[in-house]
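Listing of work10.cif; format and content: mmCIF, C-alpha atoms and all ligand atoms.
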```cif
data_start
loop_
_atom_site.label_atom_id
_atom_site.label_comp_id
_atom_site.auth_asym_id
_atom_site.auth_seq_id
_atom_site.Cartn_x
_atom_site.Cartn_y
_atom_site.Cartn_z
CA MET Y 80 33.51 -52.14 -93.15
CA SER Y 81 32.56 -49.50 -90.62
CA GLN Y 82 31.24 -46.28 -92.09
CA PHE Y 83 31.89 -44.38 -88.86
CA LEU Y 84 35.44 -43.34 -89.63
CA TYR Y 85 37.62 -40.30 -89.02
CA ARG Y 86 38.73 -37.88 -91.69
CA SER Y 87 41.01 -35.06 -90.55
CA ARG Y 88 40.24 -36.16 -86.97
CA GLU Y 89 36.47 -35.67 -87.41
CA MET Y 90 34.06 -38.61 -87.32
CA TYR Y 91 31.96 -39.13 -90.41
CA CYS Y 92 29.06 -41.42 -91.19
CA GLU Y 93 29.65 -42.40 -94.81
CA ASN Y 94 30.45 -38.99 -96.37
CA VAL Y 95 28.69 -36.79 -93.83
CA PRO Y 96 30.43 -35.26 -90.80
CA ILE Y 97 28.58 -36.22 -87.61
CA SER Y 98 28.88 -32.62 -86.40
CA GLU Y 99 26.95 -31.43 -89.46
CA ILE Y 100 24.03 -33.71 -88.55
CA VAL Y 101 24.06 -32.53 -84.94
CA ASN Y 102 24.13 -28.89 -86.07
CA LYS Y 103 20.94 -29.55 -88.01
CA VAL Y 104 18.97 -31.92 -85.74
CA GLY Y 105 20.53 -31.36 -82.33
CA SER Y 106 21.71 -33.86 -79.72
CA PRO Y 107 21.15 -36.62 -78.74
CA VAL Y 108 20.48 -38.37 -82.04
CA TYR Y 109 20.64 -41.89 -83.45
CA ILE Y 110 22.51 -42.03 -86.76
CA TYR Y 111 22.41 -45.04 -89.10
CA SER Y 112 24.51 -45.85 -92.15
CA LYS Y 113 22.43 -47.18 -95.02
CA LYS Y 114 25.50 -48.80 -96.55
CA MET Y 115 26.30 -50.79 -93.42
CA ILE Y 116 22.72 -52.04 -93.09
CA LEU Y 117 22.63 -53.23 -96.68
CA GLU Y 118 26.10 -54.73 -96.57
CA ALA Y 119 25.30 -56.68 -93.41
CA TYR Y 120 22.09 -58.00 -94.95
CA LYS Y 121 23.87 -59.03 -98.14
CA GLU Y 122 26.69 -60.68 -96.23
CA PHE Y 123 24.19 -62.71 -94.24
CA ASP Y 124 21.99 -63.61 -97.18
CA SER Y 125 24.83 -64.59 -99.49
CA ALA Y 126 26.49 -66.73 -96.79
CA PHE Y 127 23.47 -69.05 -97.04
CA SER Y 128 23.31 -69.07 -100.83
CA GLY Y 129 24.24 -72.78 -100.76
CA ILE Y 130 20.81 -73.72 -99.45
CA ASP Y 131 17.20 -72.79 -100.20
CA HIS Y 132 16.58 -70.10 -97.59
CA LEU Y 133 14.82 -66.87 -96.63
CA VAL Y 134 16.29 -64.23 -94.35
CA CYS Y 135 13.51 -62.68 -92.26
CA TYR Y 136 14.94 -59.56 -90.61
CA SER Y 137 13.96 -59.57 -86.95
CA MET Y 138 12.61 -56.06 -86.72
CA LYS Y 139 12.56 -55.95 -82.94
CA ALA Y 140 16.26 -55.07 -83.25
CA ASN Y 141 15.36 -51.82 -84.99
CA SER Y 142 11.87 -51.26 -86.31
CA ASN Y 143 12.44 -47.97 -88.07
CA MET Y 144 10.37 -48.41 -91.23
CA ASN Y 145 13.24 -47.24 -93.40
CA ILE Y 146 15.35 -50.23 -92.39
CA CYS Y 147 12.45 -52.56 -93.14
CA LYS Y 148 11.87 -50.86 -96.48
CA LEU Y 149 15.51 -51.11 -97.51
CA LEU Y 150 15.67 -54.79 -96.60
CA VAL Y 151 12.31 -55.69 -98.10
CA ASN Y 152 13.46 -54.12 -101.35
CA GLU Y 153 16.49 -56.40 -101.21
CA GLY Y 154 14.17 -59.40 -100.91
CA SER Y 155 14.16 -59.87 -97.15
CA GLY Y 156 11.23 -61.23 -95.19
CA ILE Y 157 10.36 -59.86 -91.75
CA ASP Y 158 10.05 -61.46 -88.33
CA CYS Y 159 7.41 -59.52 -86.35
CA ASN Y 160 6.83 -59.91 -82.64
CA SER Y 161 3.70 -57.82 -82.12
CA GLY Y 162 0.73 -56.34 -83.90
CA GLY Y 163 2.59 -53.04 -83.89
CA GLU Y 164 5.61 -54.51 -85.65
CA PHE Y 165 3.32 -56.20 -88.17
CA TYR Y 166 1.59 -52.87 -88.86
CA LYS Y 167 4.93 -51.12 -89.35
CA ALA Y 168 6.23 -53.92 -91.59
CA LEU Y 169 3.18 -53.63 -93.86
CA LYS Y 170 3.54 -49.84 -93.96
CA ALA Y 171 7.17 -50.32 -94.97
CA GLY Y 172 6.05 -52.45 -97.90
CA ALA Y 173 6.72 -55.95 -96.59
CA ASP Y 174 5.07 -58.78 -98.49
CA PRO Y 175 2.83 -60.67 -96.00
CA SER Y 176 3.83 -63.97 -97.60
CA LYS Y 177 7.35 -63.29 -96.27
CA ILE Y 178 6.26 -62.31 -92.74
CA ILE Y 179 6.57 -64.56 -89.73
CA PHE Y 180 4.49 -63.67 -86.71
CA THR Y 181 6.36 -64.61 -83.55
CA GLY Y 182 5.72 -63.98 -79.88
CA VAL Y 183 5.28 -65.96 -76.72
CA GLY Y 184 2.09 -64.11 -75.80
CA LYS Y 185 0.06 -63.20 -78.85
CA THR Y 186 -3.25 -61.59 -77.96
CA GLU Y 187 -6.54 -62.52 -79.64
CA GLU Y 188 -6.63 -59.03 -81.17
CA GLU Y 189 -3.18 -59.52 -82.67
CA ILE Y 190 -4.08 -62.95 -84.06
CA LYS Y 191 -7.32 -61.60 -85.57
CA TYR Y 192 -5.45 -58.70 -87.14
CA VAL Y 193 -2.63 -60.75 -88.64
CA ILE Y 194 -4.70 -63.73 -89.78
CA ARG Y 195 -6.48 -61.54 -92.35
CA TYR Y 196 -3.25 -61.48 -94.35
CA ASP Y 197 -1.73 -64.54 -95.96
CA ILE Y 198 1.45 -64.59 -93.90
CA LEU Y 199 4.24 -67.16 -94.16
CA MET Y 200 3.48 -68.55 -90.72
CA PHE Y 201 2.51 -67.94 -87.14
CA LYS Y 202 5.04 -69.38 -84.77
CA ALA Y 203 3.08 -71.26 -82.14
CA GLU Y 204 4.77 -71.28 -78.76
CA SER Y 205 2.32 -73.37 -76.71
CA ARG Y 206 -0.47 -75.85 -77.17
CA SER Y 207 -3.00 -73.44 -75.69
CA GLU Y 208 -1.94 -70.84 -78.23
CA MET Y 209 -2.53 -73.36 -81.04
CA ARG Y 210 -6.09 -73.88 -79.82
CA THR Y 211 -6.66 -70.14 -79.73
CA ILE Y 212 -5.30 -69.61 -83.25
CA ASN Y 213 -7.39 -72.54 -84.45
CA ALA Y 214 -10.57 -71.08 -82.92
CA ILE Y 215 -9.96 -67.62 -84.37
CA ALA Y 216 -9.08 -69.06 -87.79
CA GLY Y 217 -12.33 -71.07 -87.69
CA GLU Y 218 -14.42 -67.98 -86.88
CA MET Y 219 -12.77 -66.10 -89.72
CA GLY Y 220 -13.03 -68.92 -92.25
CA LYS Y 221 -9.24 -69.18 -92.50
CA LYS Y 222 -6.65 -71.92 -92.26
CA ALA Y 223 -3.68 -70.52 -90.33
CA PRO Y 224 -0.15 -71.58 -91.35
CA ILE Y 225 1.77 -72.65 -88.26
CA GLY Y 226 5.39 -73.25 -87.43
CA ILE Y 227 5.91 -74.80 -84.03
CA ARG Y 228 8.64 -73.35 -81.88
CA ILE Y 229 10.56 -75.98 -79.99
CA ASN Y 230 12.84 -75.11 -77.12
CA PRO Y 231 15.96 -77.21 -77.80
CA ASP Y 232 17.49 -76.79 -74.33
CA VAL Y 233 20.81 -75.53 -75.66
CA ASN Y 234 22.99 -73.09 -73.74
CA PRO Y 235 23.79 -70.12 -76.01
CA LYS Y 236 26.49 -68.91 -73.58
CA THR Y 237 25.25 -65.35 -73.62
CA HIS Y 238 23.81 -62.92 -71.05
CA PRO Y 239 21.08 -64.74 -69.08
CA TYR Y 240 18.50 -62.06 -69.99
CA ILE Y 241 18.93 -62.76 -73.70
CA SER Y 242 19.17 -66.53 -73.60
CA THR Y 243 15.93 -68.07 -74.85
CA GLY Y 244 16.61 -71.69 -75.74
CA LEU Y 245 17.17 -73.19 -72.31
CA ALA Y 246 14.44 -75.33 -70.78
CA GLU Y 247 14.21 -72.79 -67.95
CA ASN Y 248 13.34 -69.98 -70.42
CA LYS Y 249 9.71 -69.19 -71.23
CA PHE Y 250 10.07 -69.65 -74.98
CA GLY Y 251 8.82 -72.46 -77.21
CA ILE Y 252 7.50 -75.90 -76.42
CA ASP Y 253 9.62 -78.29 -74.40
CA SER Y 254 11.41 -80.62 -76.83
CA SER Y 255 10.11 -83.70 -74.99
CA MET Y 256 6.59 -82.59 -75.98
CA ALA Y 257 7.37 -81.91 -79.64
CA PHE Y 258 5.46 -84.90 -81.02
CA GLU Y 259 2.40 -84.20 -78.90
CA ALA Y 260 2.44 -80.59 -80.07
CA PHE Y 261 2.68 -81.53 -83.75
CA ASP Y 262 -0.03 -84.19 -83.32
CA LEU Y 263 -2.30 -81.63 -81.70
CA ALA Y 264 -1.67 -79.09 -84.45
CA ARG Y 265 -2.47 -81.70 -87.10
CA SER Y 266 -5.74 -82.56 -85.37
CA LEU Y 267 -6.92 -78.94 -85.29
CA PRO Y 268 -8.96 -78.34 -88.45
CA ASN Y 269 -8.11 -74.67 -89.00
CA LEU Y 270 -4.36 -74.98 -88.71
CA ARG Y 271 -1.97 -75.92 -91.49
CA VAL Y 272 1.38 -77.03 -90.09
CA VAL Y 273 4.21 -75.79 -92.28
CA GLY Y 274 7.30 -75.72 -90.18
CA LEU Y 275 9.55 -76.28 -87.23
CA ASP Y 276 11.10 -73.34 -85.48
CA THR Y 277 13.64 -72.47 -82.83
CA HIS Y 278 15.70 -69.56 -81.51
CA ILE Y 279 18.23 -69.96 -78.73
CA GLY Y 280 19.31 -66.46 -77.78
CA SER Y 281 21.04 -63.29 -78.84
CA GLN Y 282 24.57 -61.91 -79.09
CA ILE Y 283 25.95 -65.44 -79.54
CA THR Y 284 29.61 -65.25 -80.50
CA SER Y 285 30.58 -68.91 -80.87
CA LEU Y 286 29.56 -71.64 -83.29
CA GLU Y 287 28.91 -74.50 -80.87
CA PRO Y 288 25.42 -73.49 -79.66
CA PHE Y 289 24.25 -73.11 -83.26
CA VAL Y 290 25.82 -76.41 -84.31
CA GLU Y 291 24.24 -78.21 -81.37
CA THR Y 292 20.85 -76.66 -82.15
CA ALA Y 293 21.08 -77.45 -85.87
CA ALA Y 294 21.97 -81.06 -85.06
CA LYS Y 295 19.18 -81.55 -82.51
CA MET Y 296 16.53 -79.81 -84.55
CA SER Y 297 17.46 -81.37 -87.91
CA LYS Y 298 17.11 -84.77 -86.31
CA LEU Y 299 13.74 -83.77 -84.91
CA ALA Y 300 12.60 -82.40 -88.30
CA LEU Y 301 13.39 -85.74 -89.93
CA GLU Y 302 11.62 -87.71 -87.20
CA LEU Y 303 8.56 -85.50 -87.52
CA LYS Y 304 8.58 -85.89 -91.29
CA ARG Y 305 8.76 -89.66 -90.84
CA GLU Y 306 5.61 -89.41 -88.74
CA GLY Y 307 3.95 -87.72 -91.69
CA HIS Y 308 4.13 -84.12 -90.43
CA ASN Y 309 4.45 -81.39 -93.01
CA ILE Y 310 7.77 -79.64 -92.32
CA GLU Y 311 8.44 -77.40 -95.29
CA HIS Y 312 10.25 -74.68 -93.35
CA PHE Y 313 12.88 -75.02 -90.71
CA ASP Y 314 13.49 -71.74 -88.92
CA ILE Y 315 16.70 -71.60 -86.94
CA GLY Y 316 16.07 -68.11 -85.54
CA GLY Y 317 18.54 -65.27 -85.07
CA GLY Y 318 21.21 -64.57 -82.51
CA VAL Y 319 24.47 -63.96 -84.38
CA GLY Y 320 26.53 -61.59 -82.25
CA ILE Y 321 28.51 -58.50 -83.20
CA LYS Y 322 31.69 -56.92 -81.91
CA TYR Y 323 31.03 -54.44 -79.11
CA ASN Y 324 34.44 -54.60 -77.46
CA ASP Y 325 37.03 -57.35 -77.80
CA GLU Y 326 34.71 -60.21 -78.77
CA GLU Y 327 35.62 -62.19 -81.84
CA PRO Y 328 32.19 -63.08 -83.16
CA ILE Y 329 31.57 -65.74 -85.75
CA THR Y 330 30.86 -64.57 -89.27
CA PRO Y 331 27.74 -65.57 -91.23
CA ALA Y 332 30.02 -67.49 -93.61
CA GLU Y 333 31.47 -69.52 -90.73
CA LEU Y 334 27.99 -70.15 -89.37
CA ALA Y 335 26.70 -71.23 -92.75
CA ALA Y 336 29.65 -73.57 -93.34
CA ALA Y 337 29.13 -75.15 -89.92
CA ILE Y 338 25.38 -75.72 -90.06
CA ILE Y 339 24.38 -76.07 -93.72
CA PRO Y 340 25.40 -79.75 -93.91
CA LYS Y 341 23.02 -80.54 -91.02
CA LEU Y 342 20.26 -78.29 -92.34
CA LYS Y 343 20.45 -79.92 -95.78
CA THR Y 344 19.54 -83.30 -94.34
CA THR Y 345 16.07 -81.94 -93.53
CA GLY Y 346 15.20 -81.10 -97.13
CA CYS Y 347 13.48 -77.97 -95.75
CA LYS Y 348 13.61 -74.34 -96.78
CA ILE Y 349 15.71 -72.65 -94.09
CA ILE Y 350 14.54 -69.47 -92.43
CA LEU Y 351 16.96 -67.21 -90.57
CA GLU Y 352 16.01 -64.27 -88.36
CA PRO Y 353 19.01 -62.02 -87.83
CA GLY Y 354 18.33 -58.71 -86.10
CA ARG Y 355 21.40 -57.40 -84.32
CA PHE Y 356 23.79 -58.54 -87.05
CA ILE Y 357 22.01 -56.32 -89.57
CA ALA Y 358 21.33 -53.19 -87.54
CA GLY Y 359 23.75 -53.28 -84.60
CA SER Y 360 27.03 -51.95 -85.97
CA ALA Y 361 25.22 -49.69 -88.44
CA GLY Y 362 24.04 -47.23 -85.80
CA ILE Y 363 25.47 -44.87 -83.22
CA LEU Y 364 23.94 -42.70 -80.53
CA VAL Y 365 25.51 -39.25 -80.52
CA THR Y 366 25.39 -37.33 -77.27
CA LYS Y 367 26.79 -34.05 -76.01
CA VAL Y 368 28.81 -33.50 -72.85
CA LEU Y 369 26.69 -31.22 -70.66
CA TYR Y 370 28.96 -31.01 -67.62
CA THR Y 371 32.15 -32.46 -66.23
CA LYS Y 372 32.78 -32.96 -62.55
CA LYS Y 373 34.98 -34.78 -60.07
CA HIS Y 374 34.11 -36.64 -56.84
CA LYS Y 375 37.22 -37.49 -54.82
CA ASN Y 376 39.14 -39.47 -57.44
CA LYS Y 377 36.28 -40.07 -59.84
CA ASN Y 378 35.62 -38.07 -62.97
CA PHE Y 379 32.14 -37.79 -64.39
CA LEU Y 380 31.10 -36.77 -67.86
CA ILE Y 381 27.41 -35.92 -67.71
CA VAL Y 382 25.93 -36.26 -71.17
CA ASP Y 383 22.55 -35.32 -72.62
CA ALA Y 384 21.51 -38.91 -73.52
CA GLY Y 385 20.24 -41.16 -70.77
CA MET Y 386 19.34 -44.73 -69.96
CA ASN Y 387 15.90 -43.99 -71.43
CA ASP Y 388 17.60 -43.52 -74.83
CA LEU Y 389 19.89 -46.56 -74.68
CA ILE Y 390 19.20 -48.96 -71.83
CA ARG Y 391 21.64 -51.75 -72.71
CA PRO Y 392 24.46 -50.70 -70.34
CA SER Y 393 22.03 -50.29 -67.41
CA LEU Y 394 20.02 -53.42 -68.16
CA TYR Y 395 22.67 -55.93 -69.22
CA ASP Y 396 25.83 -54.20 -68.11
CA ALA Y 397 26.49 -54.14 -71.85
CA TYR Y 398 29.70 -52.63 -73.16
CA HIS Y 399 29.53 -50.01 -75.91
CA LYS Y 400 32.64 -48.28 -77.21
CA ILE Y 401 32.43 -44.53 -76.77
CA LYS Y 402 34.41 -42.28 -79.09
CA CYS Y 403 34.93 -38.57 -79.37
CA VAL Y 404 33.36 -37.20 -82.52
CA SER Y 405 36.19 -34.73 -82.85
CA LEU Y 406 39.70 -35.90 -81.99
CA LYS Y 407 41.16 -32.63 -80.80
CA LYS Y 408 43.66 -33.77 -78.21
CA GLU Y 409 45.65 -36.88 -77.44
CA GLU Y 410 45.17 -36.47 -73.69
CA THR Y 411 42.80 -38.94 -71.99
CA ILE Y 412 41.00 -39.24 -68.65
CA THR Y 413 39.25 -42.09 -66.87
CA ALA Y 414 35.63 -41.22 -66.24
CA ASP Y 415 32.11 -42.49 -65.70
CA ILE Y 416 29.92 -41.41 -68.59
CA VAL Y 417 26.48 -40.86 -67.16
CA GLY Y 418 23.12 -39.46 -68.22
CA PRO Y 419 20.68 -36.94 -66.72
CA VAL Y 420 18.11 -39.50 -65.48
CA CYS Y 421 17.47 -39.68 -61.75
CA GLU Y 422 18.97 -43.16 -61.25
CA SER Y 423 22.46 -44.30 -60.31
CA GLY Y 424 21.99 -46.98 -62.96
CA ASP Y 425 21.89 -44.29 -65.63
CA PHE Y 426 25.34 -44.80 -67.09
CA PHE Y 427 26.87 -45.64 -70.45
CA ALA Y 428 30.34 -46.55 -69.17
CA ARG Y 429 32.18 -46.76 -65.88
CA ASN Y 430 35.85 -46.07 -65.32
CA ARG Y 431 36.33 -45.68 -69.03
CA GLU Y 432 39.44 -44.19 -70.52
CA ILE Y 433 38.29 -41.51 -72.94
CA CYS Y 434 39.68 -38.43 -74.62
CA LYS Y 435 39.72 -35.49 -72.26
CA CYS Y 436 36.51 -33.81 -73.28
CA LYS Y 437 34.94 -30.60 -72.19
CA GLN Y 438 31.47 -29.14 -72.05
CA GLY Y 439 29.83 -29.14 -75.47
CA ASP Y 440 31.97 -31.92 -76.97
CA LEU Y 441 30.17 -34.69 -78.84
CA LEU Y 442 30.56 -38.39 -78.05
CA ALA Y 443 29.50 -41.31 -80.22
CA ILE Y 444 28.17 -44.40 -78.44
CA MET Y 445 29.06 -47.09 -80.93
CA SER Y 446 27.15 -50.19 -82.09
CA ALA Y 447 23.85 -48.79 -80.91
CA GLY Y 448 21.82 -49.58 -84.03
CA ALA Y 449 20.16 -52.67 -82.56
CA TYR Y 450 18.08 -52.67 -79.37
CA GLY Y 451 18.85 -48.96 -79.00
CA PHE Y 452 16.07 -46.63 -80.07
CA VAL Y 453 13.50 -49.46 -80.01
CA MET Y 454 14.05 -49.95 -76.27
CA SER Y 455 13.93 -46.24 -75.50
CA SER Y 456 11.25 -44.71 -73.30
CA ASN Y 457 9.95 -41.41 -72.01
CA TYR Y 458 11.18 -42.06 -68.46
CA ASN Y 459 11.64 -38.82 -66.55
CA SER Y 460 9.33 -37.36 -69.23
CA ARG Y 461 12.28 -37.13 -71.54
CA LEU Y 462 11.67 -36.68 -75.24
CA ARG Y 463 12.63 -39.56 -77.47
CA VAL Y 464 15.45 -38.61 -79.79
CA PRO Y 465 15.44 -38.40 -83.59
CA GLU Y 466 16.69 -41.08 -85.95
CA VAL Y 467 18.74 -40.05 -88.96
CA PHE Y 468 19.74 -42.12 -92.00
CA VAL Y 469 22.88 -41.34 -93.92
CA ASP Y 470 23.09 -42.32 -97.57
CA ARG Y 471 26.50 -41.49 -99.03
CA ASP Y 472 26.77 -37.68 -98.81
CA LYS Y 473 23.20 -36.96 -97.73
CA PHE Y 474 21.30 -37.42 -94.53
CA TYR Y 475 17.60 -37.70 -93.83
CA ILE Y 476 15.51 -37.43 -90.67
CA ALA Y 477 13.69 -40.73 -90.38
CA ARG Y 478 12.00 -39.91 -87.09
CA GLU Y 479 11.59 -36.46 -85.61
CA ARG Y 480 12.59 -35.56 -82.09
CA GLU Y 481 9.53 -35.71 -79.86
CA THR Y 482 8.04 -32.52 -78.48
CA TYR Y 483 6.48 -31.68 -75.12
CA GLU Y 484 3.09 -31.86 -76.85
CA ASP Y 485 3.86 -35.46 -77.89
CA LEU Y 486 4.45 -36.29 -74.24
CA ILE Y 487 0.87 -35.46 -73.28
CA ALA Y 488 -0.82 -36.36 -76.55
CA LYS Y 489 -2.50 -39.44 -75.09
CA GLU Y 490 -2.90 -38.16 -71.56
CA LYS Y 491 -5.76 -36.09 -70.18
CA ILE Y 492 -6.54 -34.17 -67.04
CA ILE Y 493 -9.65 -35.66 -65.42
CA GLU Y 494 -11.71 -32.65 -64.38
CA GLU Y 495 -13.99 -34.82 -62.21
CA LEU Y 496 -11.18 -35.85 -59.82
CA THR Y 497 -11.95 -34.05 -56.57
CA LEU Y 498 -10.03 -33.51 -53.36
CA GLU Y 499 -12.79 -35.20 -51.33
CA LEU Y 500 -11.99 -38.58 -49.81
N1 LIG L 601 14.12 -64.32 -83.50
C1 LIG L 601 13.55 -64.36 -82.28
C2 LIG L 601 12.46 -65.28 -82.05
C3 LIG L 601 14.03 -63.51 -81.26
O1 LIG L 601 13.47 -63.57 -80.06
C4 LIG L 601 15.09 -62.62 -81.53
C5 LIG L 601 15.59 -61.72 -80.48
C6 LIG L 601 15.63 -62.60 -82.82
C7 LIG L 601 15.14 -63.47 -83.79
C8 LIG L 601 16.76 -61.70 -83.22
O2 LIG L 601 17.91 -61.97 -82.49
P1 LIG L 601 19.29 -61.23 -82.88
O3 LIG L 601 19.71 -61.73 -84.24
O4 LIG L 601 19.02 -59.77 -82.87
O5 LIG L 601 20.21 -61.64 -81.81
N2 LIG L 601 17.48 -56.52 -76.08
C9 LIG L 601 18.54 -57.49 -76.10
C10 LIG L 601 18.33 -58.54 -77.16
C11 LIG L 601 16.99 -59.25 -77.09
C12 LIG L 601 16.81 -60.26 -78.20
C13 LIG L 601 15.41 -60.74 -78.26
N3 LIG L 601 15.12 -61.69 -79.31
C14 LIG L 601 19.86 -56.75 -76.22
O6 LIG L 601 19.88 -55.53 -76.28
O7 LIG L 601 20.92 -57.39 -76.23
#
```

The structure in this file should be written as structure tokens.
Amino acid sequence: MSQFLYRSREMYCENVPISEIVNKVGSPVYIYSKKMILEAYKEFDSAFSGIDHLVCYSMKANSNMNICKLLVNEGSGIDCNSGGEFYKALKAGADPSKIIFTGVGKTEEEIKYVIRYDILMFKAESRSEMRTINAIAGEMGKKAPIGIRINPDVNPKTHPYISTGLAENKFGIDSSMAFEAFDLARSLPNLRVVGLDTHIGSQITSLEPFVETAAKMSKLALELKREGHNIEHFDIGGGVGIKYNDEEPITPAELAAAIIPKLKTTGCKIILEPGRFIAGSAGILVTKVLYTKKHKNKNFLIVDAGMNDLIRPSLYDAYHKIKCVSLKKEETITADIVGPVCESGDFFARNREICKCKQGDLLAIMSAGAYGFVMSSNYNSRLRVPEVFVDRDKFYIARERETYEDLIAKEKIIEELTLEL
């Protein structure tokens, strides 16, 4: 159940009024509900209780260490996509034996860093990558556990930028080459093949793509096993969508009921990598109306958050509900809700019906917990905003607002640069 609800026409997160948080930390600010994060994790994990499985939270959705820590304490593993995510996961207390190291372009430095720990597996995405991991493992006297990511060529029916399992996408190894890839991995002395892996895309709201993938990949897992390959883990990836507007996404229970029978045939431990499902609905971005104006027939609400804080609308034309934090009046207007960044693409909503707000009013951009803060930037030299966690009737700053000093912390003026040509 959502924890962003109104009491006496004021929006709360759990038992804390949003306005109280803004009074303390300012605007804009990301606010997360601990309860919603934990409930989403538990819903997902318990849906798959009928099969030996491990949920590995895909921390690219929201890598705030507090989310990782909460989930790790609940028994979750972590799916990391970079050396930086791996570092943060360890700092948050993740057990390396429950970490998967993913990524279509792992650098040698990242492989060297991660291989020192006994992780669950590296996901190999190409044959050249397998050779590189093998060479590094050899130099370091290690045997690297490998899951091989196969691209199943399934259409996830989602936004083209977040579809990953089509043959035209860069991810994984083409399914027609699966046997060659597993044979190669087996022949490399410093690799230990442990699994088969796939991931078809994100914000998937229907069952069919998952069912098709589970069917194709379970068949492949059995064929590989028959050839003597060691497939202990079968990782079906993430991708379960959430409700942003009027979608009717599948539930984890529906997904589990639809794919467990297929997955069981493999005899493997199943790994799942939800990201958005766990963090997405649990977070909002609160922003303040700076100015209102009108061009011919168009109303604009200019807010203090920008595309650098939440890029999803600009990048994917993604829809996020926008609500007034304080429901003072019934009256509504139709307006474009735009940010201060110097780009026409800096918008959160266009032609949106919204309560008639005025300067200083607070708006909540809903379902911003996943792919929100993590995709933010300093564009226009804007300061990245704080992240706040609410736990029942208390709130905690989990990341401070950046300062101007932070902006130049890694930059230096080169005194030697002259005006001479
Ligand atoms: N596993 C792998 C290998 C992935 O690439 C991803 C997401 C996930 C798991 C988690 O997927 P989820 O359960 O969150 O759908 N920035 C985009 C989404 C990019 C997803 C990238 N990969 C957005 O804002 O919609």

All residues within 8 Å of ligand LIG 601 (chain L) are required, counting all atoms listed in the file; please report them as number ranges by chain. Y: 136-140, 158, 160, 181-182, 240-241, 243, 277-278, 280-283, 316-320, 351-357, 390-391, 395, 397, 449-451, 454

Which one of Y:Gly307, Y:Thr344, Y:Phe261, Y:Ala335 sits closest to Y:Ala294 if you count all atoms listed in the file?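 Looking only at the distances to Y:Ala294, the closest residue turns out to be Y:Thr344.
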
Work out how far atom CA of Y:Gly163 is from atom CA of Y:Glu188, in Å to one decimal. 11.3 Å

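The smallest atom-to-atom distance between Y:Ala332 and any of Y:Gly129, Y:Gly154, Y:Pro465, Y:Gly439, using all atoms listed in the file, is found for Y:Gly129.
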
Return the padded bounding box of stretch 283-299 of chain Y as lines of an AutoDock Vina configuration file: axis-aligned, built from all atoms listed in the file, 8 Å added on each side, with centre and edge lengths in Å to one decimal.
```
center_x = 22.2
center_y = -75.0
center_z = -83.7
size_x = 32.8
size_y = 35.5
size_z = 24.4
```

By how many Å are atom CA of Y:Lys191 and atom CA of Y:Pro268 apart? 17.1 Å

Take the point (11.4, -77.9, -92.0) as written in the file and pick out every residue within 7 Å of it, counting all atoms listed in the file; give the list as a ChimeraX atom specification. /Y:274-275,300,310-313,345,347-348

Provide the atom CA of Y:Asp314 to atom CA of Y:Ile349 distance in Å, to one decimal place. 5.7 Å

Within 10 Å of Y:Phe83 using all atoms listed in the file, minus same-chain residues under 2 positions, as a PDB file with C-alpha atoms, in the coordinates of the input:
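That gives us result14.pdb:
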```
ATOM      1  CA  MET Y  80      33.510 -52.140 -93.150  1.00  0.00           C
ATOM      2  CA  SER Y  81      32.560 -49.500 -90.620  1.00  0.00           C
ATOM      3  CA  TYR Y  85      37.620 -40.300 -89.020  1.00  0.00           C
ATOM      4  CA  ARG Y  86      38.730 -37.880 -91.690  1.00  0.00           C
ATOM      5  CA  GLU Y  89      36.470 -35.670 -87.410  1.00  0.00           C
ATOM      6  CA  MET Y  90      34.060 -38.610 -87.320  1.00  0.00           C
ATOM      7  CA  TYR Y  91      31.960 -39.130 -90.410  1.00  0.00           C
ATOM      8  CA  CYS Y  92      29.060 -41.420 -91.190  1.00  0.00           C
ATOM      9  CA  GLU Y  93      29.650 -42.400 -94.810  1.00  0.00           C
ATOM     10  CA  ASN Y  94      30.450 -38.990 -96.370  1.00  0.00           C
ATOM     11  CA  VAL Y  95      28.690 -36.790 -93.830  1.00  0.00           C
ATOM     12  CA  PRO Y  96      30.430 -35.260 -90.800  1.00  0.00           C
ATOM     13  CA  ILE Y  97      28.580 -36.220 -87.610  1.00  0.00           C
ATOM     14  CA  ILE Y 110      22.510 -42.030 -86.760  1.00  0.00           C
ATOM     15  CA  TYR Y 111      22.410 -45.040 -89.100  1.00  0.00           C
ATOM     16  CA  SER Y 112      24.510 -45.850 -92.150  1.00  0.00           C
ATOM     17  CA  MET Y 115      26.300 -50.790 -93.420  1.00  0.00           C
ATOM     18  CA  SER Y 360      27.030 -51.950 -85.970  1.00  0.00           C
ATOM     19  CA  ALA Y 361      25.220 -49.690 -88.440  1.00  0.00           C
ATOM     20  CA  GLY Y 362      24.040 -47.230 -85.800  1.00  0.00           C
ATOM     21  CA  ILE Y 363      25.470 -44.870 -83.220  1.00  0.00           C
ATOM     22  CA  VAL Y 404      33.360 -37.200 -82.520  1.00  0.00           C
ATOM     23  CA  ALA Y 443      29.500 -41.310 -80.220  1.00  0.00           C
ATOM     24  CA  MET Y 445      29.060 -47.090 -80.930  1.00  0.00           C
TER      25      MET Y 445
END
```

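Distances here use all atoms listed in the file; by that measure, the residue among Y:Glu479, Y:Thr371, Y:Leu394, Y:Phe123 closest to Y:Ile329 is Y:Phe123.
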